[in-house]
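Below is one structure, written out as structure tokens; the observations come after it.
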Amino acid sequence: MGSLGLAGATTSLQAGPDAGQRPETSCIMFFLDGGPSHHETFDPKPQAPQTVRGQFGVIDTAVSGFRICDRLPLLAAQARRFSVVRSLHHGNNSHAPSEHQMLTGRMGTRDGTRRAVIETPSFGSIVSRLRGTRRPGMPAYVGIPWSFHHEYIGSPFGAAAYLGSRHEPFESGHLPASTTEKFTVPVLELQDGLSPPRLQQRQSLLSVLDQFRHQGPVAPAIGQIRDFTRQGMDLLLQQHVRDAFDLSRETSATRQRYGPHEWGQGALLARRLVETGVTFTLIQCGLKQDWDTHSANFTNLDKFLPRLDRAVATLLSDLADRGMLESTMVMVIGEFGRTPKINKNAGRDHWGDCFSALVAGGGLKMGQVVGESDAIGAHPVDRPIHPQDLFATMYHVLGIDPHTIFTDHQNRPIPVLNHGAPIEELV
């Protein structure tokens, strides 16, 4: 209910296509806030000089000839279940516009601060508008963790912009950092003195008031606010929504397998949400730009990579075992890569000229490497791919036409994507 309000209501568009037209696909996106090093993840350069290759080694994967960083052994064993794009590029080395690019599909125009205003809707908000939920009563778009309205955490570019508050992410709040800690979703907790019966009484009162609006013309904004209020109340009252977010319904062994940390428990929650009808889930890994390793790159990644490895690899295995991977696209991305040369602080700096992404599931072709970077990971030398091609691939899986036109607050027509086509090696 925290996202109720007038802002954006007049530009919030009508619901998505009829249920019979919707594909049964969904997407889980891991966003590594700060920009992960492609050298220490999916594009290592073991033959490069020491000032480029760094301190980590490489490891063979389940796919012949495909090698990744040795800090990702669980993913290496799962390599037949994912593909890696090694030739992404957008050329911008500033956090805010690059995050905007990688979470909305468009390069932001404001450099510097991460608090820059979101200019176009996020992927999750677009999916919420054009696809909607896969199960009535469940949110279409969930952010893990996300608290856009109450606390600034993670990237701000997962919001709805001119699509309106109806398409903001459903806020999960912080996930537990252990496998035994109780997890509750703040927006599903009723305030003191408010019980489900009282909330139902208020909903009945609104219904009575709504009868009057049928006696004459009603402004579209009022009708949208009423509909959104009703949806918010339904989320608070329906037990299956609470059950979907209840990690205690999983065995302790399953929770431990995903990892005793927020990223692992977030990945487990994402699997539960896909099972119960959520269409798009954004998992923010690194809420203080943790992957922005200008210094102590290797020390920091020695902490982060095992967590990421366990969370993503377990999710892929779990989805496959449950017969869900073919209909669930999983992506691991950041806003850019890191410089080929290690700096004087044992770190790597921003690099938008070449970086990598992991793509899995969704009926795409797995077990391959798409594109190639040069000998030091500075520039693509084969099959350069713009992020919009990656996102066109995502929309292809989700059954969304990227040429769909939205109208912003200034009545300007804006397509879902300016350009880009699905990556042919994957589709």
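Going through the structure tokens in order, the chains are called A, B, and so on, while each chain numbers its residues from 1 and the ligands are numbered from 1 in the order shown.
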
ask   = Do you know which residues are at most 7 Å from Thr61 in chain A counting only C-alpha atoms, after dropping those on the same chain fewer than 3 positions away, and could you put them as a ChimeraX atom specification?
value = /A:64,66-67,76-77,79

request  = Just list the residues in range 245-370 of chain A DSSP gives strand (DSSP E) on the backbone, as a list in words.
outcome  =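 The residues of range 245-370 of chain A classed as strand (DSSP E) are Phe280, Thr281, Leu282, Ile283, Gln284, Cys285, Thr328, Met329, Val330, Met331, Val332, Ile333, Gly337, Arg338, His350, Trp351, Phe355, Ser356, Ala357, Leu358, Val359, Ala360, Gly361, Val369 and Val370 of chain A.
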
task = For Phe183 in chain A, work out the shell of residues within 12 Å, counting only C-alpha atoms and skipping chain neighbours fewer than 3 positions away, then give it as a VMD selection string.
result = chain A and resid 145 172 to 180 186 188 to 189 242 to 249 262 265 to 266 269

Go ahead and save the picked residues with C-alpha atoms, as a PDB file, in the first residue's frame.
ATOM      1  CA  PRO A 145      15.402  -6.366  -1.723  1.00  0.00           C
ATOM      2  CA  SER A 172      10.243  -7.275  -0.438  1.00  0.00           C
ATOM      3  CA  GLY A 173      12.419  -5.426   2.075  1.00  0.00           C
ATOM      4  CA  HIS A 174      15.691  -6.954   3.262  1.00  0.00           C
ATOM      5  CA  LEU A 175      16.141 -10.705   3.073  1.00  0.00           C
ATOM      6  CA  PRO A 176      17.599 -12.617   6.027  1.00  0.00           C
ATOM      7  CA  ALA A 177      21.339 -13.172   6.197  1.00  0.00           C
ATOM      8  CA  SER A 178      20.892 -16.660   7.660  1.00  0.00           C
ATOM      9  CA  THR A 179      18.828 -19.775   6.989  1.00  0.00           C
ATOM     10  CA  THR A 180      16.989 -19.628  10.312  1.00  0.00           C
ATOM     11  CA  PRO A 186       7.063  -4.964   5.547  1.00  0.00           C
ATOM     12  CA  LEU A 188       2.311  -7.152   4.052  1.00  0.00           C
ATOM     13  CA  GLU A 189       2.346  -6.346   7.759  1.00  0.00           C
ATOM     14  CA  ARG A 242       1.835 -14.212   2.227  1.00  0.00           C
ATOM     15  CA  ASP A 243       2.590 -17.881   1.650  1.00  0.00           C
ATOM     16  CA  ALA A 244       4.617 -17.093  -1.475  1.00  0.00           C
ATOM     17  CA  PHE A 245       6.950 -14.855   0.537  1.00  0.00           C
ATOM     18  CA  ASP A 246       7.166 -17.246   3.501  1.00  0.00           C
ATOM     19  CA  LEU A 247      10.650 -18.783   3.379  1.00  0.00           C
ATOM     20  CA  SER A 248       9.890 -20.880   6.469  1.00  0.00           C
ATOM     21  CA  ARG A 249       7.805 -23.119   4.201  1.00  0.00           C
ATOM     22  CA  GLU A 262      20.876 -12.268   1.491  1.00  0.00           C
ATOM     23  CA  GLN A 265      17.844 -16.320   0.275  1.00  0.00           C
ATOM     24  CA  GLY A 266      16.783 -13.779  -2.345  1.00  0.00           C
ATOM     25  CA  LEU A 269      12.496 -16.303  -2.780  1.00  0.00           C
TER      26      LEU A 269
END

query = CA of Gly363 in chain A and CA of Gln256 in chain A, how far apart in Å?
reply =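 Answer for the CA of Gln256 in chain A to CA of Gly363 in chain A separation: 28.3 Å.
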
task = Do a neighbour search on His89 in chain A at 7 Å with only C-alpha atoms, toss out local chain neighbours closer than 6 positions, and write the hits as a count of residues only.
result = 7
